[in-house]
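**Student:** Input data.cif, format and content: mmCIF, C-alpha atoms and all ligand atoms.
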data_my_file
#
loop_
_atom_site.label_atom_id
_atom_site.label_comp_id
_atom_site.auth_asym_id
_atom_site.auth_seq_id
_atom_site.Cartn_x
_atom_site.Cartn_y
_atom_site.Cartn_z
CA MET T 188 0.00 0.00 0.00
CA LYS T 189 1.26 3.45 -0.90
CA SER T 190 1.10 5.00 2.55
CA GLY T 191 3.22 8.12 2.18
CA TYR T 192 0.17 10.35 1.94
CA ARG T 193 -1.60 8.79 4.90
CA VAL T 194 -1.51 9.86 8.51
CA PRO T 195 -2.96 7.68 11.29
CA VAL T 196 -5.71 9.50 13.18
CA ALA T 197 -7.20 6.78 15.40
CA GLY T 198 -5.93 8.55 18.52
CA LEU T 199 -7.38 11.87 17.47
CA LEU T 200 -10.74 10.33 16.62
CA ARG T 201 -10.98 8.85 20.10
CA GLU T 202 -10.63 12.23 21.76
CA THR T 203 -12.76 15.09 20.46
CA GLY T 204 -10.97 18.36 20.91
CA SER T 205 -7.46 16.93 20.68
CA ARG T 206 -4.93 18.29 18.20
CA GLU T 207 -1.84 16.99 16.55
CA LYS T 208 0.87 18.61 14.48
CA VAL T 209 2.01 16.58 11.50
CA GLU T 210 4.70 16.96 8.88
CA LEU T 211 4.80 14.97 5.67
CA GLU T 212 7.61 14.66 3.18
CA VAL T 213 6.11 13.03 0.09
CA LYS T 214 6.47 12.81 -3.66
CA ALA T 215 4.10 14.90 -5.74
CA PRO T 216 1.16 12.89 -7.08
CA ASP T 217 0.46 12.90 -10.82
CA GLY T 218 -1.92 15.28 -12.53
CA ILE T 219 -0.82 18.67 -11.19
CA GLY T 220 -0.76 20.98 -14.21
CA ASP T 221 -0.09 19.84 -17.77
CA SER T 222 2.89 18.79 -19.86
CA PHE T 223 3.98 22.42 -20.24
CA TYR T 224 3.69 23.62 -16.70
CA GLY T 225 3.01 22.14 -13.30
CA VAL T 226 4.37 20.32 -10.29
CA LYS T 227 6.29 17.37 -11.64
CA GLU T 228 5.13 13.95 -10.51
CA GLY T 229 7.59 12.60 -7.96
CA SER T 230 9.12 15.96 -7.08
CA PRO T 231 9.39 16.66 -3.35
CA VAL T 232 6.36 18.06 -1.53
CA ARG T 233 6.24 19.02 2.13
CA VAL T 234 3.05 19.37 4.16
CA GLU T 235 2.85 21.02 7.55
CA ALA T 236 -0.53 20.68 9.17
CA VAL T 237 -2.41 20.79 12.42
CA LEU T 238 -5.13 18.17 12.72
CA SER T 239 -7.97 18.91 15.10
CA SER T 240 -10.51 16.36 16.20
CA LEU T 241 -14.06 17.68 15.90
CA ARG T 242 -17.13 15.70 16.78
CA SER T 243 -17.93 15.18 13.08
CA GLY T 244 -14.43 14.42 11.84
CA ILE T 245 -10.94 15.80 11.50
CA GLU T 246 -10.16 19.35 10.50
CA ALA T 247 -6.79 19.85 8.80
CA LYS T 248 -5.18 23.25 8.43
CA GLY T 249 -1.72 24.00 7.19
CA LYS T 250 0.61 24.67 4.32
CA ILE T 251 1.93 22.78 1.32
CA PHE T 252 5.34 23.50 -0.15
CA ALA T 253 6.36 22.35 -3.62
CA THR T 254 8.15 23.44 -6.80
CA GLU T 255 6.39 24.35 -10.02
CA GLU T 256 8.28 24.10 -13.26
CA GLY T 257 7.77 24.44 -16.98
CA LYS T 258 8.51 26.68 -19.92
CA CYS T 259 7.98 30.41 -20.25
CA SER T 260 5.01 30.84 -22.56
CA ARG T 261 6.76 33.64 -24.46
CA CYS T 262 10.43 32.73 -24.73
CA LEU T 263 10.28 29.00 -23.83
CA LYS T 264 13.02 29.33 -21.22
CA ASP T 265 12.85 26.87 -18.34
CA ILE T 266 11.16 28.15 -15.21
CA LYS T 267 11.42 26.62 -11.76
CA ARG T 268 10.05 28.30 -8.67
CA PRO T 269 8.69 27.48 -5.26
CA VAL T 270 4.95 27.29 -4.75
CA GLU T 271 3.39 27.54 -1.34
CA VAL T 272 -0.28 27.15 -0.51
CA GLU T 273 -2.32 27.45 2.66
CA PHE T 274 -5.18 25.04 3.01
CA SER T 275 -8.06 24.18 5.24
CA ALA T 276 -9.83 20.87 4.80
CA PHE T 277 -12.38 18.72 6.50
CA MET T 278 -12.02 14.96 6.80
CA PRO T 279 -15.17 13.18 7.93
CA PRO T 280 -15.30 9.43 8.59
CA GLN T 281 -16.07 7.49 5.42
CA LYS T 282 -19.28 6.19 7.01
CA ALA T 283 -20.76 9.67 7.26
CA MET T 284 -20.11 10.22 3.56
CA ASP T 285 -21.83 6.96 2.61
CA GLU T 286 -25.11 7.85 4.25
CA ASP T 287 -27.80 8.89 1.85
CA SER T 288 -28.87 12.07 3.54
CA PRO T 289 -26.77 14.89 2.19
CA MET T 290 -24.78 16.45 4.99
CA SER T 291 -23.98 20.09 5.07
CA TYR T 292 -20.81 20.75 6.97
CA GLU T 293 -21.17 24.49 6.61
CA MET T 294 -17.50 24.82 5.95
CA ASP T 295 -17.50 26.96 2.89
CA GLU T 296 -14.38 26.91 0.78
CA ASP T 297 -13.02 23.91 2.62
CA GLY T 298 -12.32 20.83 0.61
CA ILE T 299 -13.81 17.62 1.97
CA TYR T 300 -11.57 14.56 1.98
CA PRO T 301 -13.13 11.53 3.67
CA LEU T 302 -10.91 9.53 6.01
CA LYS T 303 -9.73 6.14 4.78
CA GLY T 304 -10.51 4.06 7.82
CA ASP T 305 -8.35 5.44 10.61
CA PHE T 306 -6.16 7.40 8.23
CA ALA T 307 -6.25 10.91 6.84
CA ASP T 308 -5.27 10.74 3.17
CA PHE T 309 -3.50 13.82 1.81
CA GLU T 310 -3.04 12.74 -1.80
CA GLY T 311 -6.20 14.33 -3.23
CA LEU T 312 -5.77 17.41 -1.10
CA ILE T 313 -2.18 17.95 -2.27
CA ARG T 314 -3.24 17.53 -5.91
CA ASP T 315 -6.24 19.88 -5.65
CA GLU T 316 -4.56 22.62 -3.66
CA LEU T 317 -1.42 22.76 -5.79
CA THR T 318 -3.45 22.69 -9.02
CA LEU T 319 -5.42 25.73 -7.84
CA GLN T 320 -2.27 27.53 -6.82
CA LEU T 321 -0.27 27.08 -10.04
CA SER T 322 0.69 30.38 -11.64
CA MET T 323 -1.68 31.40 -14.39
CA ILE T 324 0.92 33.69 -15.86
CA ARG T 325 3.69 31.41 -16.98
CA LEU T 326 6.44 33.85 -17.72
CA CYS T 327 10.13 33.71 -16.81
CA ARG T 328 9.71 37.33 -15.72
CA PRO T 329 6.73 39.71 -15.87
CA ASP T 330 8.15 41.72 -18.76
CA CYS T 331 9.51 38.87 -20.86
CA LYS T 332 9.77 40.12 -24.44
CA GLY T 333 9.52 36.68 -25.99
CA LEU T 334 10.99 35.50 -29.27
CA CYS T 335 11.24 37.43 -32.54
CA GLN T 336 8.41 36.25 -34.77
CA LYS T 337 10.63 36.39 -37.85
CA CYS T 338 13.94 34.90 -36.79
CA GLY T 339 13.18 33.30 -33.42
CA VAL T 340 15.94 35.12 -31.55
CA ASP T 341 15.38 35.75 -27.82
CA LEU T 342 14.37 39.42 -27.67
CA ASN T 343 15.36 39.65 -24.01
CA GLU T 344 18.95 39.22 -25.09
CA ALA T 345 18.97 40.53 -28.66
CA GLY T 346 16.81 43.58 -28.11
CA PRO T 347 14.76 45.17 -30.84
CA HIS T 348 16.04 44.66 -34.37
CA SER T 349 14.58 45.03 -37.83
CA HIS T 350 14.52 42.62 -40.69
CA GLU T 351 14.09 44.93 -43.69
CA ARG T 352 17.71 45.94 -43.32
CA ASP T 353 18.85 42.40 -42.76
CA LEU T 354 17.68 41.17 -46.15
CA ASP T 355 20.58 40.10 -48.30
CA PRO T 356 21.04 42.82 -50.98
CA ARG T 357 21.97 40.21 -53.60
CA PHE T 358 18.54 38.70 -53.36
CA GLU T 359 16.97 42.10 -53.81
CA LYS T 360 18.91 42.65 -57.02
CA LEU T 361 17.94 39.25 -58.27
CA ALA T 362 14.30 39.92 -57.56
CA GLU T 363 14.52 43.21 -59.46
CA LEU T 364 16.14 41.53 -62.42
CA LYS T 365 13.55 38.81 -62.49
CA GLU T 366 10.78 41.37 -62.46
CA ARG T 367 12.29 43.27 -65.39
CA MET T 368 12.74 40.12 -67.44
CA THR T 369 9.17 38.99 -67.06
CA LYS T 370 7.80 42.33 -68.20
ZN ZN T 401 10.40 34.33 -21.00
ZN ZN T 402 14.40 38.75 -35.60
#
Please lay out the structure from this file as structure tokens.
Ligand SMILES: [Zn+2]
Ligand SMILES: [Zn+2]
**Tutor:**
Amino acid sequence: MKSGYRVPVAGLLRETGSREKVELEVKAPDGIGDSFYGVKEGSPVRVEAVLSSLRSGIEAKGKIFATEEGKCSRCLKDIKRPVEVEFSAFMPPQKAMDEDSPMSYEMDEDGIYPLKGDFADFEGLIRDELTLQLSMIRLCRPDCKGLCQKCGVDLNEAGPHSHERDLDPRFEKLAELKERMTK
């Protein structure tokens, strides 16, 4: 069983009102971002959380630390930067979730991640929270100038340049000649 994402909570469940600090060092699950940008599967992820035992389940609050990486959408340079997200989640016993009557936990904005037996499972939570937190603007820097549309040179390094002037004069002459001959 892949247990890296799971934290035993039997003790907490026995004692309503008790709290426990947990720290997880895990590998990032798959499916965070796309092939161009995201948190790479297997890259290190750290979770720091406080679990509190409520009468109806476990409340988890804390932070997730990871690294997002990909390519700048303008110049295609590699980007790698830390991503940090605060979360608040509610983890009810599986049994409560199975009951037909819809339960309202009145915990707006909190994700709900049912316990797996006596374990809190952080895999789905890590995936969801990091996916939401990924940068929408995927640039190596806010003012990235991108690549020249004509020659593909990196404009951050090359600066502005024109192509009219760059045209080989011999070709211009040839084009002129051709035009005259066809007239
Ligand atoms: Zn860039
Ligand atoms: Zn150019």
**Student:** Which is closer to Glu212 in chain T than all the others in T:Val194, T:Val340, T:Val272, T:Cys259, using all atoms listed in the file?
**Tutor:**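 Nearest candidate to Glu212 in chain T out of T:Val194, T:Val340, T:Val272, T:Cys259: T:Val194.
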**Student:** What's the 10 Å shell around Leu342 in chain T, counting all atoms listed in the file, without same-chain residues fewer than 6 positions away, as a PyMOL selection string?
**Tutor:** chain T and resi 262+331-336+348
**Student:** Which of these, T:Ser222, T:Ser275, T:Ser260, T:Thr203, has the shortest distance to Ala247 in chain T once you count only C-alpha atoms?
**Tutor:**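 Of T:Ser222, T:Ser275, T:Ser260, T:Thr203, the one nearest Ala247 in chain T is T:Ser275, counting only C-alpha atoms.
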**Student:** Pick from T:Leu211, T:Arg206, T:Met278, T:Phe309: nearest to Glu246 in chain T, with all atoms listed in the file counted?
**Tutor:**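 When distances to Glu246 in chain T are compared using all atoms listed in the file, the smallest one comes from T:Met278.
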**Student:** Show me as a list in words the residues that reach within 12 Å of (-6.3, 24.9, -6.3), counting all atoms listed in the file and using the file's own coordinates.
**Tutor:**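 The residues near that point, listed by chain and number, are Ile219, Gly220, Gly225, Ile251, Val270, Glu271, Val272, Glu273, Phe274, Ser275, Glu296, Asp297, Gly298, Gly311, Leu312, Ile313, Arg314, Asp315, Glu316, Leu317, Thr318, Leu319, Gln320, Leu321, Ser322 and Met323 of chain T.
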**Student:** Could you tell me how far CA of Pro231 in chain T sits from CA of Ile324 in chain T, in Å to one decimal place?
**Tutor:**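 Going from CA of Ile324 in chain T over to CA of Pro231 in chain T covers 22.8 Å.
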**Student:** I need the residue nearest Gly339 in chain T from this list: T:Leu238, T:Leu263, T:Val232, T:Ala215. Use all atoms listed in the file for the distance.
**Tutor:** T:Leu263
**Student:** Just to confirm, what's the straight-line distance from CA of Asp217 in chain T to CA of Tyr192 in chain T in Å (one decimal)?
**Tutor:**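 Result for CA of Asp217 in chain T versus CA of Tyr192 in chain T: 13.0 Å, one decimal.
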**Student:** From the set T:Arg325, T:Pro347, T:Glu228, T:Glu255, which residue has the shortest atom-to-atom contact distance to ligand ZN 401 (chain T), counting only C-alpha atoms and all ligand atoms?
**Tutor:**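 Going through T:Arg325, T:Pro347, T:Glu228, T:Glu255 one by one, the smallest distance to ligand ZN 401 (chain T) is for T:Arg325.
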**Student:** Counting only C-alpha atoms, figure out which residue out of T:Phe277, T:Pro269, T:Tyr224, T:Ala307 gets nearest to Leu199 in chain T.
**Tutor:**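 So, comparing all the options, the nearest one is T:Ala307.
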**Student:** At what distance in Å, to one decimal, does CA of Val196 in chain T lie from CA of Lys303 in chain T?
**Tutor:**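 Between CA of Lys303 in chain T and CA of Val196 in chain T the gap works out to 9.9 Å.
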**Student:** Mind checking which residues fall within 7 Å of Ile266 in chain T, counting all atoms listed in the file, ignoring those fewer than 5 positions away in the same chain, and posting them as a ChimeraX atom specification?
**Tutor:** /T:256-259,327
**Student:** Contacts of Lys208 in chain T at 9 Å or less, counting only C-alpha atoms, minus same-chain residues fewer than 6 places along, as a list in words?
**Tutor:** Glu235, Ala236, Val237, Leu238 and Ser239 of chain T
**Student:** Do you know which residues are at most 9 Å from Pro280 in chain T counting only C-alpha atoms, after dropping those on the same chain fewer than 3 positions away, and could you put them as a ChimeraX atom specification?
**Tutor:** /T:243-245,283-284,301-305
**Student:** Would you mind putting back all heavy atoms on range 194-205 of chain T, then writing it out as a short mmCIF file (atom, residue, chain, number, x, y, z; two decimals), in the coordinates of the input?
**Tutor:**
data_model
loop_
_atom_site.label_atom_id
_atom_site.label_comp_id
_atom_site.auth_asym_id
_atom_site.auth_seq_id
_atom_site.Cartn_x
_atom_site.Cartn_y
_atom_site.Cartn_z
N VAL T 194 -1.89 9.58 7.13
CA VAL T 194 -1.51 9.86 8.51
C VAL T 194 -2.51 9.16 9.43
O VAL T 194 -3.73 9.32 9.26
CB VAL T 194 -1.57 11.39 8.78
CG1 VAL T 194 -1.28 11.69 10.23
CG2 VAL T 194 -0.60 12.12 7.87
N PRO T 195 -2.03 8.36 10.38
CA PRO T 195 -2.96 7.68 11.29
C PRO T 195 -3.66 8.68 12.22
O PRO T 195 -3.01 9.58 12.77
CB PRO T 195 -2.06 6.73 12.09
CG PRO T 195 -0.68 7.30 11.96
CD PRO T 195 -0.63 8.05 10.66
N VAL T 196 -4.97 8.55 12.35
CA VAL T 196 -5.71 9.50 13.18
C VAL T 196 -6.60 8.81 14.22
O VAL T 196 -7.47 9.44 14.81
CB VAL T 196 -6.58 10.44 12.31
CG1 VAL T 196 -5.71 11.36 11.49
CG2 VAL T 196 -7.54 9.66 11.42
N ALA T 197 -6.36 7.53 14.45
CA ALA T 197 -7.20 6.78 15.40
C ALA T 197 -7.21 7.46 16.77
O ALA T 197 -8.26 7.61 17.40
CB ALA T 197 -6.70 5.34 15.51
N GLY T 198 -6.03 7.89 17.21
CA GLY T 198 -5.93 8.55 18.52
C GLY T 198 -6.74 9.82 18.58
O GLY T 198 -7.45 10.08 19.55
N LEU T 199 -6.64 10.60 17.54
CA LEU T 199 -7.38 11.87 17.47
C LEU T 199 -8.89 11.62 17.49
O LEU T 199 -9.64 12.32 18.17
CB LEU T 199 -7.03 12.62 16.18
CG LEU T 199 -5.72 13.42 16.16
CD1 LEU T 199 -5.40 13.85 14.74
CD2 LEU T 199 -5.84 14.65 17.05
N LEU T 200 -9.30 10.61 16.73
CA LEU T 200 -10.74 10.33 16.62
C LEU T 200 -11.33 9.93 17.97
O LEU T 200 -12.50 10.18 18.24
CB LEU T 200 -10.99 9.22 15.59
CG LEU T 200 -10.80 9.62 14.12
CD1 LEU T 200 -10.86 8.40 13.23
CD2 LEU T 200 -11.85 10.64 13.69
N ARG T 201 -10.49 9.32 18.80
CA ARG T 201 -10.98 8.85 20.10
C ARG T 201 -11.25 10.01 21.05
O ARG T 201 -12.02 9.90 21.97
CB ARG T 201 -9.95 7.90 20.72
CG ARG T 201 -10.47 6.48 20.87
CD ARG T 201 -9.40 5.53 21.39
NE ARG T 201 -8.62 4.97 20.29
CZ ARG T 201 -7.29 4.93 20.27
NH1 ARG T 201 -6.59 5.45 21.25
NH2 ARG T 201 -6.67 4.37 19.26
N GLU T 202 -10.55 11.12 20.80
CA GLU T 202 -10.63 12.23 21.76
C GLU T 202 -11.00 13.53 21.07
O GLU T 202 -10.15 14.24 20.55
CB GLU T 202 -9.28 12.38 22.45
CG GLU T 202 -9.40 12.90 23.86
CD GLU T 202 -8.02 13.03 24.50
OE1 GLU T 202 -7.19 12.14 24.28
OE2 GLU T 202 -7.80 14.04 25.19
N THR T 203 -12.30 13.84 21.06
CA THR T 203 -12.76 15.09 20.46
C THR T 203 -12.08 16.27 21.14
O THR T 203 -11.96 16.29 22.36
CB THR T 203 -14.29 15.21 20.60
OG1 THR T 203 -14.89 14.09 19.98
CG2 THR T 203 -14.80 16.49 19.92
N GLY T 204 -11.62 17.19 20.34
CA GLY T 204 -10.97 18.36 20.91
C GLY T 204 -9.45 18.26 20.92
O GLY T 204 -8.76 19.26 21.11
N SER T 205 -8.92 17.08 20.68
CA SER T 205 -7.46 16.93 20.68
C SER T 205 -6.88 17.42 19.35
O SER T 205 -7.56 17.50 18.32
CB SER T 205 -7.08 15.47 20.92
OG SER T 205 -7.63 14.65 19.93
#
